[in-house]
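Below: model10.pdb (PDB, C-alpha atoms)
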```pdb
MODEL        1
ATOM      1  CA  MET P 119     -17.528-198.829-106.218  1.00  0.00           C
ATOM      2  CA  MET P 120     -20.472-200.961-105.053  1.00  0.00           C
ATOM      3  CA  TRP P 121     -18.137-203.870-104.217  1.00  0.00           C
ATOM      4  CA  GLY P 122     -16.088-201.510-102.096  1.00  0.00           C
ATOM      5  CA  VAL P 123     -19.179-200.227-100.323  1.00  0.00           C
ATOM      6  CA  ALA P 124     -20.376-203.827 -99.770  1.00  0.00           C
ATOM      7  CA  ALA P 125     -16.974-204.801 -98.323  1.00  0.00           C
ATOM      8  CA  ILE P 126     -17.055-201.804 -95.987  1.00  0.00           C
ATOM      9  CA  GLY P 127     -20.558-202.856 -94.907  1.00  0.00           C
ATOM     10  CA  PHE P 128     -19.282-206.341 -94.083  1.00  0.00           C
ATOM     11  CA  PHE P 129     -16.266-205.169 -92.068  1.00  0.00           C
ATOM     12  CA  SER P 130     -18.299-202.488 -90.327  1.00  0.00           C
ATOM     13  CA  GLY P 131     -20.799-205.202 -89.422  1.00  0.00           C
ATOM     14  CA  ILE P 132     -18.056-207.219 -87.747  1.00  0.00           C
ATOM     15  CA  ILE P 133     -16.998-204.188 -85.716  1.00  0.00           C
ATOM     16  CA  SER P 134     -20.646-203.401 -84.883  1.00  0.00           C
ATOM     17  CA  GLY P 135     -21.272-206.955 -83.723  1.00  0.00           C
ATOM     18  CA  MET P 136     -18.318-206.657 -81.378  1.00  0.00           C
ATOM     19  CA  GLY P 137     -19.928-203.563 -79.857  1.00  0.00           C
ATOM     20  CA  ILE P 138     -17.120-201.256 -80.940  1.00  0.00           C
ATOM     21  CA  GLY P 139     -19.096-199.075 -83.335  1.00  0.00           C
ATOM     22  CA  GLY P 140     -19.175-199.785 -87.044  1.00  0.00           C
ATOM     23  CA  GLY P 141     -19.713-196.112 -87.818  1.00  0.00           C
ATOM     24  CA  THR P 142     -16.075-195.451 -87.005  1.00  0.00           C
ATOM     25  CA  ILE P 143     -15.254-197.406 -90.151  1.00  0.00           C
ATOM     26  CA  LEU P 144     -18.411-196.900 -92.176  1.00  0.00           C
ATOM     27  CA  ILE P 145     -18.613-193.108 -92.154  1.00  0.00           C
ATOM     28  CA  PRO P 146     -15.021-192.357 -93.218  1.00  0.00           C
ATOM     29  CA  ALA P 147     -15.174-195.130 -95.834  1.00  0.00           C
ATOM     30  CA  LEU P 148     -18.367-193.709 -97.315  1.00  0.00           C
ATOM     31  CA  LEU P 149     -16.742-190.300 -97.524  1.00  0.00           C
ATOM     32  CA  PHE P 150     -13.732-191.756 -99.368  1.00  0.00           C
ATOM     33  CA  LEU P 151     -15.599-194.187-101.648  1.00  0.00           C
ATOM     34  CA  THR P 152     -18.700-192.205-102.572  1.00  0.00           C
ATOM     35  CA  GLU P 153     -19.707-188.669-103.423  1.00  0.00           C
ATOM     36  CA  ILE P 154     -21.968-188.212-100.393  1.00  0.00           C
ATOM     37  CA  ASP P 155     -21.362-185.543 -97.756  1.00  0.00           C
ATOM     38  CA  GLN P 156     -20.896-185.939 -93.995  1.00  0.00           C
ATOM     39  CA  GLN P 157     -24.582-185.607 -93.112  1.00  0.00           C
ATOM     40  CA  GLN P 158     -25.554-188.202 -95.722  1.00  0.00           C
ATOM     41  CA  ALA P 159     -22.838-190.594 -94.513  1.00  0.00           C
ATOM     42  CA  GLN P 160     -24.106-190.242 -90.962  1.00  0.00           C
ATOM     43  CA  GLY P 161     -27.672-190.801 -92.167  1.00  0.00           C
ATOM     44  CA  VAL P 162     -26.628-193.965 -94.016  1.00  0.00           C
ATOM     45  CA  ASN P 163     -24.848-195.077 -90.849  1.00  0.00           C
ATOM     46  CA  LEU P 164     -28.089-194.695 -88.894  1.00  0.00           C
ATOM     47  CA  ILE P 165     -30.010-196.823 -91.401  1.00  0.00           C
ATOM     48  CA  TYR P 166     -27.183-199.375 -91.403  1.00  0.00           C
ATOM     49  CA  PHE P 167     -27.112-199.434 -87.609  1.00  0.00           C
ATOM     50  CA  ILE P 168     -30.696-200.665 -87.104  1.00  0.00           C
ATOM     51  CA  PRO P 169     -30.408-204.194 -88.603  1.00  0.00           C
ATOM     52  CA  THR P 170     -26.823-204.700 -87.419  1.00  0.00           C
ATOM     53  CA  ALA P 171     -27.730-203.639 -83.885  1.00  0.00           C
ATOM     54  CA  ILE P 172     -30.754-205.957 -83.815  1.00  0.00           C
ATOM     55  CA  THR P 173     -28.645-208.893 -85.008  1.00  0.00           C
ATOM     56  CA  ALA P 174     -25.909-208.212 -82.451  1.00  0.00           C
ATOM     57  CA  LEU P 175     -28.483-207.630 -79.705  1.00  0.00           C
ATOM     58  CA  ILE P 176     -30.101-211.024 -80.313  1.00  0.00           C
ATOM     59  CA  THR P 177     -26.717-212.743 -80.254  1.00  0.00           C
ATOM     60  CA  HIS P 178     -25.602-211.010 -77.048  1.00  0.00           C
ATOM     61  CA  GLN P 179     -28.973-211.712 -75.406  1.00  0.00           C
ATOM     62  CA  LYS P 180     -28.622-215.428 -76.184  1.00  0.00           C
ATOM     63  CA  LYS P 181     -25.185-215.405 -74.527  1.00  0.00           C
ATOM     64  CA  GLY P 182     -26.510-213.572 -71.459  1.00  0.00           C
ATOM     65  CA  ASN P 183     -24.396-210.478 -72.059  1.00  0.00           C
ATOM     66  CA  LEU P 184     -27.124-207.897 -71.504  1.00  0.00           C
ATOM     67  CA  ASP P 185     -27.722-205.980 -68.289  1.00  0.00           C
ATOM     68  CA  TRP P 186     -31.236-204.639 -68.869  1.00  0.00           C
ATOM     69  CA  LYS P 187     -31.251-202.697 -65.579  1.00  0.00           C
ATOM     70  CA  THR P 188     -28.314-200.622 -66.798  1.00  0.00           C
ATOM     71  CA  ALA P 189     -29.430-200.508 -70.428  1.00  0.00           C
ATOM     72  CA  LYS P 190     -32.949-199.141 -69.888  1.00  0.00           C
ATOM     73  CA  PRO P 191     -32.047-195.686 -68.488  1.00  0.00           C
ATOM     74  CA  LEU P 192     -29.171-195.401 -70.958  1.00  0.00           C
ATOM     75  CA  ALA P 193     -31.512-196.152 -73.856  1.00  0.00           C
ATOM     76  CA  LEU P 194     -34.112-193.644 -72.675  1.00  0.00           C
ATOM     77  CA  MET P 195     -31.562-190.861 -72.298  1.00  0.00           C
ATOM     78  CA  GLY P 196     -29.965-191.999 -75.551  1.00  0.00           C
ATOM     79  CA  LEU P 197     -33.241-191.268 -77.340  1.00  0.00           C
ATOM     80  CA  ALA P 198     -33.193-187.686 -76.088  1.00  0.00           C
ATOM     81  CA  GLY P 199     -29.512-187.349 -76.941  1.00  0.00           C
ATOM     82  CA  ALA P 200     -30.067-188.806 -80.416  1.00  0.00           C
ATOM     83  CA  ALA P 201     -32.781-186.240 -81.133  1.00  0.00           C
ATOM     84  CA  ALA P 202     -30.511-183.400 -79.981  1.00  0.00           C
ATOM     85  CA  GLY P 203     -27.548-184.798 -81.935  1.00  0.00           C
ATOM     86  CA  ALA P 204     -29.563-185.269 -85.123  1.00  0.00           C
ATOM     87  CA  PHE P 205     -30.868-181.701 -84.893  1.00  0.00           C
ATOM     88  CA  LEU P 206     -27.314-180.450 -84.374  1.00  0.00           C
ATOM     89  CA  ALA P 207     -25.910-182.576 -87.226  1.00  0.00           C
ATOM     90  CA  VAL P 208     -28.385-181.283 -89.801  1.00  0.00           C
ATOM     91  CA  SER P 209     -27.851-177.715 -88.589  1.00  0.00           C
ATOM     92  CA  LEU P 210     -24.078-177.732 -89.064  1.00  0.00           C
ATOM     93  CA  GLU P 211     -22.127-177.314 -92.278  1.00  0.00           C
ATOM     94  CA  SER P 212     -20.719-180.589 -93.583  1.00  0.00           C
ATOM     95  CA  GLU P 213     -17.098-179.493 -93.133  1.00  0.00           C
ATOM     96  CA  ILE P 214     -17.658-178.507 -89.496  1.00  0.00           C
ATOM     97  CA  LEU P 215     -19.458-181.780 -88.788  1.00  0.00           C
ATOM     98  CA  LYS P 216     -16.614-183.687 -90.442  1.00  0.00           C
ATOM     99  CA  LYS P 217     -14.078-181.945 -88.183  1.00  0.00           C
ATOM    100  CA  ILE P 218     -16.133-182.657 -85.059  1.00  0.00           C
ATOM    101  CA  PHE P 219     -16.403-186.331 -86.057  1.00  0.00           C
ATOM    102  CA  GLY P 220     -12.672-186.532 -86.816  1.00  0.00           C
ATOM    103  CA  GLY P 221     -11.821-184.896 -83.498  1.00  0.00           C
ATOM    104  CA  PHE P 222     -14.053-187.341 -81.674  1.00  0.00           C
ATOM    105  CA  LEU P 223     -12.352-190.311 -83.362  1.00  0.00           C
ATOM    106  CA  PHE P 224      -8.939-188.835 -82.567  1.00  0.00           C
ATOM    107  CA  LEU P 225      -9.795-188.401 -78.876  1.00  0.00           C
ATOM    108  CA  MET P 226     -11.213-191.921 -78.666  1.00  0.00           C
ATOM    109  CA  GLY P 227      -8.031-193.263 -80.255  1.00  0.00           C
ATOM    110  CA  LEU P 228      -5.865-191.406 -77.752  1.00  0.00           C
ATOM    111  CA  SER P 229      -8.047-192.681 -74.940  1.00  0.00           C
ATOM    112  CA  GLU P 230      -7.507-196.276 -76.058  1.00  0.00           C
ATOM    113  CA  ILE P 231      -3.765-195.810 -76.486  1.00  0.00           C
ATOM    114  CA  PHE P 232      -3.242-194.322 -73.030  1.00  0.00           C
ATOM    115  CA  LYS P 233      -5.894-196.255 -71.101  1.00  0.00           C
ATOM    116  CA  LYS P 234      -4.535-198.061 -68.083  1.00  0.00           C
ATOM    117  CA  LYS P 235      -5.463-201.690 -67.643  1.00  0.00           C
ATOM    118  CA  LYS P 236      -7.816-202.434 -64.760  1.00  0.00           C
ATOM    119  CA  GLY P 237      -6.884-205.121 -62.243  1.00  0.00           C
ATOM    120  CA  GLY P 238      -3.374-205.828 -63.447  1.00  0.00           C
ATOM    121  CA  ASN P 239      -2.188-208.251 -66.085  1.00  0.00           C
ATOM    122  CA  LYS P 240      -3.762-211.687 -65.670  1.00  0.00           C
ATOM    123  CA  ASP P 241      -1.485-213.183 -68.303  1.00  0.00           C
ATOM    124  CA  ALA P 242       1.732-212.124 -66.580  1.00  0.00           C
ATOM    125  CA  LYS P 243       3.703-214.923 -64.989  1.00  0.00           C
ATOM    126  CA  GLY P 244       5.422-214.189 -61.767  1.00  0.00           C
TER     127      GLY P 244
ENDMDL
END
```
Written as structure tokens, how would this file's structure read?
Amino acid sequence: MMWGVAAIGFFSGIISGMGIGGGTILIPALLFLTEIDQQQAQGVNLIYFIPTAITALITHQKKGNLDWKTAKPLALMGLAGAAAGAFLAVSLESEILKKIFGGFLFLMGLSEIFKKKKGGNKDAKG
């Protein structure tokens, strides 16, 4: 089981480094591979997120991919939102939280499937 968890950590790290969100892989994998509940999986994800986010942040900063003017107000409001979300997550039953998380992933998937490309296709030859 630990090799499976380690492999999930590695692949989630790749997704996190890309800025996609490793928790979309990590949380469901933890639920399938371990005996922990939804709240615990989300808590592990938060611990996991700190070092992976720092590593990705340093890499993106070196490449000049950070817009601090945009990031600062988002981060400040994100702190307030994180506190509210954490309070909500620990207040809900695990099964309800699992359904909310699954619904969120489903909606994000639909959004990606039906998203229209901005600016046309640059690869198209005409």
Counting all atoms listed in the file, the residue among P:Val162, P:Lys233, P:Trp121, P:Thr170 that lies closest to Gly139 in chain P is P:Thr170
Within 9 Å of Gln157 in chain P, counting all atoms listed in the file, which residues show up once you throw out same-chain ones fewer than 6 positions away? Write them as a VMD selection string, please. chain P and resid 207 to 208 210 to 212 215 to 216
Here's the selection I'm unsure about, the PyMOL selection byres ((chain P and resi 148) around 10); applied to the file above, which residues does it give, as a PyMOL selection string? chain P and resi 122-123+126-127+141+143-147+149-156+158-160+162-163
Considering only C-alpha atoms, return as a CSV table (one decimal) with C-alpha atoms, in the frame of the given file whatever protein or nucleic-acid residues lie within 12 Å of Ile172 in chain P, sequence-local ones (same chain, fewer than 4 positions apart) excluded.
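Result saved to result03.csv:
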```csv
chain,number,residue,atom,x,y,z
P,131,GLY,CA,-20.8,-205.2,-89.4
P,134,SER,CA,-20.6,-203.4,-84.9
P,135,GLY,CA,-21.3,-207.0,-83.7
P,137,GLY,CA,-19.9,-203.6,-79.9
P,165,ILE,CA,-30.0,-196.8,-91.4
P,166,TYR,CA,-27.2,-199.4,-91.4
P,167,PHE,CA,-27.1,-199.4,-87.6
P,168,ILE,CA,-30.7,-200.7,-87.1
P,176,ILE,CA,-30.1,-211.0,-80.3
P,177,THR,CA,-26.7,-212.7,-80.3
P,178,HIS,CA,-25.6,-211.0,-77.0
P,179,GLN,CA,-29.0,-211.7,-75.4
```
Selected residue, from P:Gly140, P:Phe129, P:Phe224, P:Ser229, that lies nearest to Ala171 in chain P when counting all atoms listed in the file: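 Closest candidate: P:Gly140.
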One decimal place gives the CA of Ala204 in chain P-CA of Gly161 in chain P separation as 9.2 Å
